[in-house]
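*Asks:* Got a structure here, written out as structure tokens. Questions coming.
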Amino acid sequence: MSKKLFIKTYGCQMNVYDSQRMIDTLKPLGYELGETPEEADFIILNTCHIREKAAEKVYTELGRLKKLKQDGGDVIIGVAGCVAQAEGQEMVRRAPAVDLVFGPQTYHRLPELLRQVEQDRAERDRLQVAAAEAGHKPAKRKPLRLVDTDFPVEQKFDELVAETESQGPAAFLTVQEGCDKFCSFCVVPYTRGAEFSRPVAQVLDEAKRLVDQGVCELTLLGQNVNAYHGETAFGQTWGLGQLINGLAEIDGLERIRFTTSHPNDMTDDLYEAFRDQPKLMPYFHLPVQAGSDKILAAMNRKHTRQQYLDVIARLRDMRPDLALSGDFIVGFPGETDQDFAETLNIVTQVSYAAAYSFKYSPRPGTPAADIAAQVPEEVKSQRLAMLQELLNAQQEAFNHATKGRRLSVLMERAGRVEGQLVGRSPYMQAVHVEAPQRLIGKIVDIDVTYAGANSISGTVVTHDLSHTPTQTQAA
Ligand code: 5AD
Ligand code: SF4
């Protein structure tokens with residue numbers, strides 16, 4: 001009998017990947033993906049702990065979901081992801097509607113966890129019937145609440161079932177998990193644990209299966225993905241550049257991307273892949289977080305402003321048309337106007353095609369949260385507005401620079417406007433074009449005729465259905 005699963009995913013792309021794997025894992029148990037929480041038998045919130053706002057959203061949603069149980073529903077509510085990992089028992093206490101709390105390393109155990117909840121409920125029902133028959137008031141429901149947060153990450157990847165649900169033409173593939181960097185603001189080393197690289201063969205096998213399902217673009221995921229060091233079957237260790245070259249040999253896989261990287265983990269093979277590997281797209285997300293050496297040191301980034309700029313210069317040497325994106329934090333404790341001016345300055349110096357910027361959010365348990373010199377909220381807001389103005393202008397300028405060019409675009413899905421498709425350029429720009437549905441999943445040439453702040457659009461040049469992308473021209 002088919003049961004309905006509803007998953008709400010917060011945060012990063014790795015959570016998107018993990019949610020997909022949970023769907024695959026639950027499918028053999030008869031769970032099908034539904035559209036709304038109301039119709040669901042099992043609800044999973046796959047959560048993010050990176051900033052306070054992200055974590056709080058989960059409790060707001062749980063407040064809403066609680067009503068489904070109050071109305072007599074028998075839905076099972078599970079919380080997965082980094083809030084589950086970080087808060088564990090605390091979450092059970094704060095949100096009594098939750099049945100299951102399970103961390104990112106335990107998704108392969110979902111069938112077993114669900115079975116335990118179901119058994120517990122059957123036992124509860126049996127006791128209630130027995131109490132009613134004996135004329136007693138039924139005992140107050142006291143469901144089992146499972147908190148499962150410690151398993152080695154290797155086990156998860158060894159035991160997760162093979163992916164069955166199609167992810168569309170552009171898919172994610174986790175190749176590395178965890179982080180040993182311990183930036184002083186960041187929860188990731190605590191929620192995702194120590195760095196771990198999946199073995200090469202496992203990654204290649206998963207990639208082949210995804211390509212067989214129609215995937216032609218893969219984004220390799222890892223919290224510190226350029227620290228990848230996977231074992232081969234012959235006892236060698238491959239870096240990310242080698243892995244990209246290995247994946248590029250898979251017929252039908254046309255485009256490779258990866259995220260997120262740390263400036264200190266750049267290796268020669270990765271630089272060279274940007275120069276020599278045509279399937280590696282000319283877009284690189286390389287966070288710097290701040291532009292002042294004083295703040296970089298306080299953040300425990302372990303690199304200076306100049307070291308970051310040197311990495312960028314070498315990358316551009318290898319791939320002159322490389323589009324860059326970054327992450328920035330404003331209002332880190334102790335950040336002065338002068339420090340912030342250096343962030344604006346490094347942004348001007350690098351010139352980004354896209355970026356993500358945030359106000360510093362103190363996270364419990366991280367060293368920066370205990371620094372006395374916290375920056376007032378209104379100062380953070382002002383700085384963020386200034387930084388975003390600059391970054392938005394750079395993004396728009398980047399988009400404008402592609403006007404008049406011919407770009408190869410992977411058509412990913414139907415757009416909101418009838419007859420329109422949405423795709424991605426090699427530089428990760430969102431592209432809107434009038435095109436027939438049958439081009440979804442194809443890479444087609446587009447002449448760019450319009451550039452806006454957030455997307456570009458143009459006209460389809462070829463209807464070539466053979467997945468042969470045009471070599472991107474250098475800017
Ligand atoms: N406050 C604000 N932003 C943060 N990030 C990570 N931790 C925090 C925090 N405590 C940002 C960083 C990181 C991105 C994923 O989220 O910029 O690169
Ligand atoms: Fe967090 Fe720093 Fe690791 Fe990135 S490198 S995940 S910011 S600790």
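Identifiers for the structure tokens are assigned positionally: chains receive A, B, ... in sequence, residues are indexed from 1 per chain, and ligands are indexed from 1 in the order shown.
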Excluding same-chain residues fewer than 6 positions from range 404-413 of chain A, what lies within 6 Å of it counting only C-alpha atoms, as a list in words?

*Replies:* Leu421, Val422, Gly423, Arg424, Ser425, Ile440, Gly441, Lys442, Ile443, Val444, Asp445, Ile446, Asp447, Val448, Thr449, Pro469 and Thr470 of chain A

*Asks:* Write out as a PDB file with C-alpha atoms, in the first residue's frame all residues of range 66-162 of chain A that DSSP puts in strand (DSSP E) for this structure's backbone.

*Replies:*
```
ATOM      1  CA  ILE A  76       5.056  10.665  11.901  1.00  0.00           C
ATOM      2  CA  ILE A  77       7.173  13.799  12.145  1.00  0.00           C
ATOM      3  CA  GLY A  78      10.924  13.504  11.706  1.00  0.00           C
ATOM      4  CA  VAL A  79      13.639  16.138  11.892  1.00  0.00           C
ATOM      5  CA  ALA A  80      16.821  15.457   9.951  1.00  0.00           C
ATOM      6  CA  LEU A 100      12.213  11.142  15.243  1.00  0.00           C
ATOM      7  CA  VAL A 101      15.388  13.197  15.360  1.00  0.00           C
ATOM      8  CA  PHE A 102      18.159  11.901  13.155  1.00  0.00           C
ATOM      9  CA  LEU A 146      14.245   8.410  18.711  1.00  0.00           C
ATOM     10  CA  VAL A 147      17.338  10.529  18.579  1.00  0.00           C
ATOM     11  CA  ASP A 148      19.954   9.044  16.334  1.00  0.00           C
TER      12      ASP A 148
END
```

*Asks:* Could the residues of range 321-341 of chain A that have an atom at most 12 Å from range 254-259 of chain A be listed as a tab-separated table, each with its closest atom pair and the distance in Å to one decimal, counting only C-alpha atoms and ordered by chain and ascending residue number?

*Replies:*
```
residue	atom	partner	partner_atom	distance
A:Leu324	CA	A:Thr259	CA	11.9
A:Ser325	CA	A:Thr259	CA	10.5
A:Gly326	CA	A:Thr259	CA	10.8
A:Asp327	CA	A:Thr259	CA	11.8
```

*Asks:* Output C-alpha atoms for every residue in the selection just made, as an mmCIF file, in the first residue's frame.

*Replies:*
```
data_model
loop_
_atom_site.group_PDB
_atom_site.id
_atom_site.type_symbol
_atom_site.label_atom_id
_atom_site.label_comp_id
_atom_site.auth_asym_id
_atom_site.auth_seq_id
_atom_site.Cartn_x
_atom_site.Cartn_y
_atom_site.Cartn_z
ATOM 1 C CA LEU A 324 33.706 33.694 -9.661
ATOM 2 C CA SER A 325 31.295 33.615 -6.809
ATOM 3 C CA GLY A 326 31.869 33.975 -3.097
ATOM 4 C CA ASP A 327 30.398 34.025 0.401
#
```

*Asks:* List as a VMD selection string the protein and nucleic acid residues near range 301-315 of chain A, meaning an atom at most 12 Å away when only C-alpha atoms are counted, but skip any in the same chain fewer than 3 places from it.

*Replies:* chain A and resid 180 to 186 261 to 275 282 to 298 318 to 326 339 342 to 343 345 to 352

*Asks:* Give me the residues near range 399-402 of chain A as a count of residues only, where near means some atom within 9 Å (using only C-alpha atoms) and where sequence neighbours in that chain fewer than 3 positions away do not count.

*Replies:* 18

*Asks:* Please identify all polymer residues within 10 Å of Val225 in chain A, counting only C-alpha atoms, omitting same-chain residues fewer than 6 positions from it, and present them as an mmCIF file with N, CA and C atoms, in the first residue's frame.

*Replies:*
```cif
data_model
loop_
_atom_site.group_PDB
_atom_site.id
_atom_site.type_symbol
_atom_site.label_atom_id
_atom_site.label_comp_id
_atom_site.auth_asym_id
_atom_site.auth_seq_id
_atom_site.Cartn_x
_atom_site.Cartn_y
_atom_site.Cartn_z
ATOM 1 N N THR A 174 27.201 13.923 -3.800
ATOM 2 C CA THR A 174 28.108 14.200 -2.676
ATOM 3 C C THR A 174 29.361 13.350 -2.802
ATOM 4 N N VAL A 175 30.522 14.000 -2.809
ATOM 5 C CA VAL A 175 31.782 13.251 -2.904
ATOM 6 C C VAL A 175 32.596 13.372 -1.616
ATOM 7 N N GLN A 176 32.269 14.365 -0.813
ATOM 8 C CA GLN A 176 33.049 14.618 0.392
ATOM 9 C C GLN A 176 32.088 15.175 1.420
ATOM 10 N N GLU A 177 32.328 14.855 2.666
ATOM 11 C CA GLU A 177 31.469 15.426 3.698
ATOM 12 C C GLU A 177 32.320 15.843 4.891
ATOM 13 N N GLY A 178 31.861 16.851 5.611
ATOM 14 C CA GLY A 178 32.544 17.267 6.825
ATOM 15 C C GLY A 178 33.640 18.284 6.575
ATOM 16 N N CYS A 179 34.144 18.834 7.669
ATOM 17 C CA CYS A 179 35.149 19.894 7.544
ATOM 18 C C CYS A 179 36.038 19.912 8.777
ATOM 19 N N GLU A 195 36.296 15.656 8.107
ATOM 20 C CA GLU A 195 36.356 15.465 6.658
ATOM 21 C C GLU A 195 36.409 13.993 6.268
ATOM 22 N N PHE A 196 35.633 13.658 5.271
ATOM 23 C CA PHE A 196 35.619 12.294 4.763
ATOM 24 C C PHE A 196 35.414 12.345 3.255
ATOM 25 N N SER A 197 36.230 11.594 2.509
ATOM 26 C CA SER A 197 36.068 11.551 1.050
ATOM 27 C C SER A 197 35.538 10.178 0.653
ATOM 28 N N GLY A 239 42.946 13.497 -6.031
ATOM 29 C CA GLY A 239 42.427 14.812 -5.639
ATOM 30 C C GLY A 239 41.200 15.130 -6.479
ATOM 31 N N LEU A 240 40.623 16.303 -6.229
ATOM 32 C CA LEU A 240 39.387 16.662 -6.925
ATOM 33 C C LEU A 240 39.603 16.789 -8.437
ATOM 34 N N PHE A 258 31.442 21.921 -9.099
ATOM 35 C CA PHE A 258 31.663 21.457 -7.725
ATOM 36 C C PHE A 258 31.509 22.622 -6.761
ATOM 37 N N THR A 259 31.146 22.321 -5.540
ATOM 38 C CA THR A 259 31.004 23.339 -4.509
ATOM 39 C C THR A 259 30.934 22.651 -3.151
ATOM 40 N N THR A 260 31.488 23.239 -2.071
ATOM 41 C CA THR A 260 32.110 24.530 -1.862
ATOM 42 C C THR A 260 33.590 24.325 -1.527
ATOM 43 N N SER A 261 34.405 25.275 -1.859
ATOM 44 C CA SER A 261 35.854 25.103 -1.720
ATOM 45 C C SER A 261 36.456 26.067 -0.708
ATOM 46 N N HIS A 262 37.661 25.711 -0.265
ATOM 47 C CA HIS A 262 38.426 26.588 0.635
ATOM 48 C C HIS A 262 39.724 26.982 -0.078
ATOM 49 N N ASP A 265 42.913 24.787 0.030
ATOM 50 C CA ASP A 265 42.911 23.416 -0.491
ATOM 51 C C ASP A 265 43.061 23.358 -2.007
#
```

*Asks:* What does the structure give for the distance between CA of Gly193 in chain A and CA of Pro104 in chain A, in Å to one decimal?

*Replies:*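 We find that CA of Gly193 in chain A and CA of Pro104 in chain A lie 9.6 Å from each other.
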
*Asks:* Determine which residues of range 208-263 of chain A DSSP labels as helix (DSSP H, G or I) from the backbone of this structure, then write them out as a PyMOL selection string.

*Replies:* chain A and resi 208-212+225-227+240-248+263

*Asks:* Pick out the residues no farther than 8 Å from ligand 1, counting only C-alpha atoms and all ligand atoms, and list them as a short mmCIF file (atom, residue, chain, number, x, y, z; two decimals) with all heavy atoms, in the first residue's frame.

*Replies:*
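Result file is pocket.cif:
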```
data_model
loop_
_atom_site.label_atom_id
_atom_site.label_comp_id
_atom_site.auth_asym_id
_atom_site.auth_seq_id
_atom_site.Cartn_x
_atom_site.Cartn_y
_atom_site.Cartn_z
N CYS A 12 21.58 24.10 2.45
CA CYS A 12 22.55 23.98 1.35
C CYS A 12 22.17 22.87 0.37
O CYS A 12 21.26 22.07 0.58
CB CYS A 12 23.93 23.70 1.92
SG CYS A 12 24.04 22.11 2.75
N ILE A 50 23.10 26.69 10.02
CA ILE A 50 24.24 27.57 9.75
C ILE A 50 24.09 28.95 10.36
O ILE A 50 25.04 29.52 10.86
CB ILE A 50 24.54 27.65 8.22
CG1 ILE A 50 25.95 28.19 7.96
CG2 ILE A 50 23.52 28.47 7.47
CD1 ILE A 50 26.94 27.10 7.76
N ARG A 51 22.87 29.49 10.30
CA ARG A 51 22.59 30.77 10.95
C ARG A 51 21.34 30.62 11.81
O ARG A 51 20.53 29.73 11.56
CB ARG A 51 22.40 31.88 9.90
CG ARG A 51 23.71 32.33 9.27
CD ARG A 51 23.50 33.20 8.06
NE ARG A 51 22.92 32.43 6.99
CZ ARG A 51 23.61 31.71 6.09
NH1 ARG A 51 24.92 31.71 6.15
NH2 ARG A 51 23.01 31.01 5.16
N GLU A 52 21.20 31.53 12.78
CA GLU A 52 20.10 31.40 13.73
C GLU A 52 18.75 31.37 13.02
O GLU A 52 17.87 30.57 13.34
CB GLU A 52 20.16 32.55 14.73
CG GLU A 52 19.21 32.36 15.89
CD GLU A 52 19.24 33.53 16.86
OE1 GLU A 52 20.04 34.46 16.64
OE2 GLU A 52 18.45 33.50 17.81
N PHE A 185 33.35 31.02 13.21
CA PHE A 185 31.92 31.36 13.20
C PHE A 185 31.03 30.17 12.85
O PHE A 185 29.81 30.27 12.91
CB PHE A 185 31.66 32.48 12.17
CG PHE A 185 32.22 32.17 10.80
CD1 PHE A 185 31.54 31.34 9.92
CD2 PHE A 185 33.45 32.68 10.42
CE1 PHE A 185 32.06 31.04 8.67
CE2 PHE A 185 33.99 32.38 9.16
CZ PHE A 185 33.30 31.56 8.29
N CYS A 186 31.61 29.05 12.47
CA CYS A 186 30.87 28.05 11.69
C CYS A 186 30.54 26.77 12.46
O CYS A 186 31.38 26.20 13.15
CB CYS A 186 31.69 27.71 10.45
SG CYS A 186 30.83 26.61 9.32
N VAL A 187 29.31 26.31 12.29
CA VAL A 187 28.86 25.09 12.98
C VAL A 187 29.18 23.80 12.21
O VAL A 187 29.07 22.71 12.78
CB VAL A 187 27.32 25.09 13.22
CG1 VAL A 187 26.93 26.12 14.26
CG2 VAL A 187 26.57 25.30 11.91
N VAL A 188 29.56 23.94 10.95
CA VAL A 188 29.69 22.75 10.10
C VAL A 188 30.62 21.67 10.67
O VAL A 188 30.27 20.49 10.66
CB VAL A 188 30.08 23.15 8.66
CG1 VAL A 188 30.55 21.95 7.86
CG2 VAL A 188 28.90 23.82 7.97
N PRO A 287 34.58 31.01 -1.42
CA PRO A 287 34.33 32.01 -0.37
C PRO A 287 35.61 32.61 0.19
O PRO A 287 36.61 31.91 0.35
CB PRO A 287 33.61 31.21 0.72
CG PRO A 287 33.02 30.04 0.02
CD PRO A 287 33.99 29.71 -1.08
N VAL A 288 35.54 33.93 0.48
CA VAL A 288 36.65 34.56 1.19
C VAL A 288 36.19 35.04 2.57
O VAL A 288 36.97 35.18 3.48
CB VAL A 288 37.28 35.72 0.37
CG1 VAL A 288 36.31 36.87 0.19
CG2 VAL A 288 38.58 36.21 1.00
N GLN A 289 34.90 35.32 2.69
CA GLN A 289 34.21 35.73 3.93
C GLN A 289 34.47 37.18 4.32
O GLN A 289 33.55 37.87 4.75
CB GLN A 289 34.55 34.80 5.13
CG GLN A 289 34.48 33.32 4.86
CD GLN A 289 33.08 32.79 4.56
OE1 GLN A 289 32.10 33.53 4.58
NE2 GLN A 289 32.98 31.50 4.25
N GLY A 326 31.29 34.05 -4.44
CA GLY A 326 31.87 33.98 -3.10
C GLY A 326 30.81 34.07 -2.02
O GLY A 326 29.64 34.34 -2.30
N ASP A 327 31.23 33.79 -0.78
CA ASP A 327 30.40 34.03 0.40
C ASP A 327 31.06 35.12 1.23
O ASP A 327 32.30 35.15 1.33
CB ASP A 327 30.34 32.77 1.29
CG ASP A 327 29.50 31.66 0.69
OD1 ASP A 327 28.70 31.93 -0.22
OD2 ASP A 327 29.66 30.51 1.15
N PHE A 328 30.23 35.96 1.83
CA PHE A 328 30.75 37.05 2.67
C PHE A 328 29.95 37.15 3.95
O PHE A 328 28.73 36.97 3.94
CB PHE A 328 30.63 38.39 1.92
CG PHE A 328 31.40 38.38 0.63
CD1 PHE A 328 30.78 37.98 -0.54
CD2 PHE A 328 32.74 38.73 0.61
CE1 PHE A 328 31.49 37.94 -1.73
CE2 PHE A 328 33.45 38.69 -0.58
CZ PHE A 328 32.83 38.30 -1.74
N ILE A 329 30.66 37.44 5.02
CA ILE A 329 29.99 37.70 6.30
C ILE A 329 30.31 39.13 6.70
O ILE A 329 31.49 39.52 6.70
CB ILE A 329 30.50 36.73 7.39
CG1 ILE A 329 30.11 35.29 7.02
CG2 ILE A 329 29.93 37.11 8.74
CD1 ILE A 329 30.64 34.24 8.00
N VAL A 330 29.29 39.91 7.01
CA VAL A 330 29.54 41.25 7.54
C VAL A 330 29.21 41.27 9.02
O VAL A 330 28.38 40.50 9.49
CB VAL A 330 28.70 42.34 6.83
CG1 VAL A 330 29.03 42.40 5.35
CG2 VAL A 330 27.21 42.13 7.05
N PHE A 332 31.25 40.54 11.57
CA PHE A 332 31.92 39.58 12.45
C PHE A 332 32.41 40.36 13.68
O PHE A 332 32.78 41.53 13.56
CB PHE A 332 33.10 38.94 11.70
CG PHE A 332 33.78 37.86 12.48
CD1 PHE A 332 33.26 36.57 12.50
CD2 PHE A 332 34.93 38.14 13.23
CE1 PHE A 332 33.88 35.58 13.25
CE2 PHE A 332 35.54 37.15 13.98
CZ PHE A 332 35.02 35.86 13.98
N TYR A 356 26.94 35.33 -2.27
CA TYR A 356 26.01 35.16 -1.15
C TYR A 356 26.59 35.93 0.02
O TYR A 356 27.78 35.74 0.36
CB TYR A 356 25.88 33.68 -0.77
CG TYR A 356 25.45 32.85 -1.96
CD1 TYR A 356 26.41 32.34 -2.84
CD2 TYR A 356 24.11 32.62 -2.23
CE1 TYR A 356 26.04 31.60 -3.96
CE2 TYR A 356 23.72 31.89 -3.33
CZ TYR A 356 24.68 31.39 -4.19
OH TYR A 356 24.30 30.67 -5.30
N SER A 357 25.79 36.79 0.64
CA SER A 357 26.34 37.58 1.74
C SER A 357 25.37 37.57 2.92
O SER A 357 24.15 37.55 2.73
CB SER A 357 26.60 39.01 1.27
OG SER A 357 25.50 39.50 0.55
N PHE A 358 25.96 37.56 4.10
CA PHE A 358 25.16 37.34 5.31
C PHE A 358 25.63 38.26 6.43
O PHE A 358 26.82 38.60 6.50
CB PHE A 358 25.35 35.90 5.82
CG PHE A 358 25.25 34.87 4.74
CD1 PHE A 358 26.40 34.34 4.15
CD2 PHE A 358 24.02 34.43 4.30
CE1 PHE A 358 26.31 33.39 3.14
CE2 PHE A 358 23.91 33.48 3.29
CZ PHE A 358 25.06 32.96 2.71
N LYS A 359 24.69 38.56 7.33
CA LYS A 359 25.08 39.20 8.58
C LYS A 359 25.62 38.11 9.49
O LYS A 359 25.04 37.01 9.53
CB LYS A 359 23.86 39.84 9.26
CG LYS A 359 23.34 41.05 8.54
CD LYS A 359 22.35 41.79 9.42
CE LYS A 359 20.94 41.46 8.99
NZ LYS A 359 19.94 42.24 9.71
N TYR A 360 26.66 38.42 10.22
CA TYR A 360 27.19 37.43 11.17
C TYR A 360 26.10 37.03 12.16
O TYR A 360 25.42 37.88 12.72
CB TYR A 360 28.41 38.00 11.91
CG TYR A 360 28.81 37.10 13.05
CD1 TYR A 360 29.36 35.85 12.81
CD2 TYR A 360 28.56 37.48 14.38
CE1 TYR A 360 29.67 34.99 13.86
CE2 TYR A 360 28.87 36.63 15.43
CZ TYR A 360 29.41 35.38 15.16
OH TYR A 360 29.70 34.54 16.19
N SER A 361 25.98 35.74 12.38
CA SER A 361 24.98 35.22 13.31
C SER A 361 25.71 34.35 14.33
O SER A 361 26.32 33.34 13.97
CB SER A 361 23.97 34.39 12.49
OG SER A 361 23.17 33.60 13.32
N PRO A 362 25.71 34.76 15.60
CA PRO A 362 26.45 33.98 16.60
C PRO A 362 25.83 32.60 16.77
O PRO A 362 24.62 32.50 16.98
CB PRO A 362 26.29 34.80 17.90
CG PRO A 362 25.62 36.07 17.51
CD PRO A 362 24.99 35.90 16.18
N ARG A 363 26.64 31.57 16.66
CA ARG A 363 26.12 30.21 16.79
C ARG A 363 26.64 29.59 18.08
O ARG A 363 27.87 29.55 18.31
CB ARG A 363 26.55 29.34 15.60
CG ARG A 363 26.23 29.91 14.25
CD ARG A 363 24.75 30.27 14.06
NE ARG A 363 23.82 29.15 14.08
CZ ARG A 363 22.76 29.05 14.90
NH1 ARG A 363 22.51 29.98 15.78
NH2 ARG A 363 21.97 28.01 14.83
#
```

*Asks:* Enter the distance from CA of Asp251 in chain A to CA of Tyr228 in chain A, in Å, rounded to one decimal.

*Replies:* 23.1 Å

*Asks:* Pick from A:Thr219, A:Val117, A:Tyr190, A:Leu68: nearest to ligand 2, with only C-alpha atoms and all ligand atoms counted?

*Replies:* A:Tyr190

*Asks:* Rounded to one decimal in Å, what is the spacing between CA of Met386 in chain A and CA of Gly11 in chain A?

*Replies:*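 Computing the Euclidean distance for CA of Met386 in chain A and CA of Gly11 in chain A yields 24.2 Å.
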
*Asks:* Which residue, A:Ala393, A:Met14, A:Val200, A:Leu384, has the smallest gap to ligand 2 when you use only C-alpha atoms and all ligand atoms?

*Replies:* A:Met14

*Asks:* Would you please work out which residue, of A:Leu29, A:Ala194, A:Ile44, A:Ile7, is nearest to ligand 2 when using only C-alpha atoms and all ligand atoms?

*Replies:*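 Closest to ligand 2 of all the choices is A:Ala194.
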
*Asks:* I'd like the neighbourhood of Ala95 in chain A as a PyMOL selection string, where a residue qualifies if any of its atoms comes within 12 Å (using only C-alpha atoms), though same-chain residues fewer than 2 positions away should be ignored.

*Replies:* chain A and resi 56+58-66+77-79+84+87-93+97-101+145
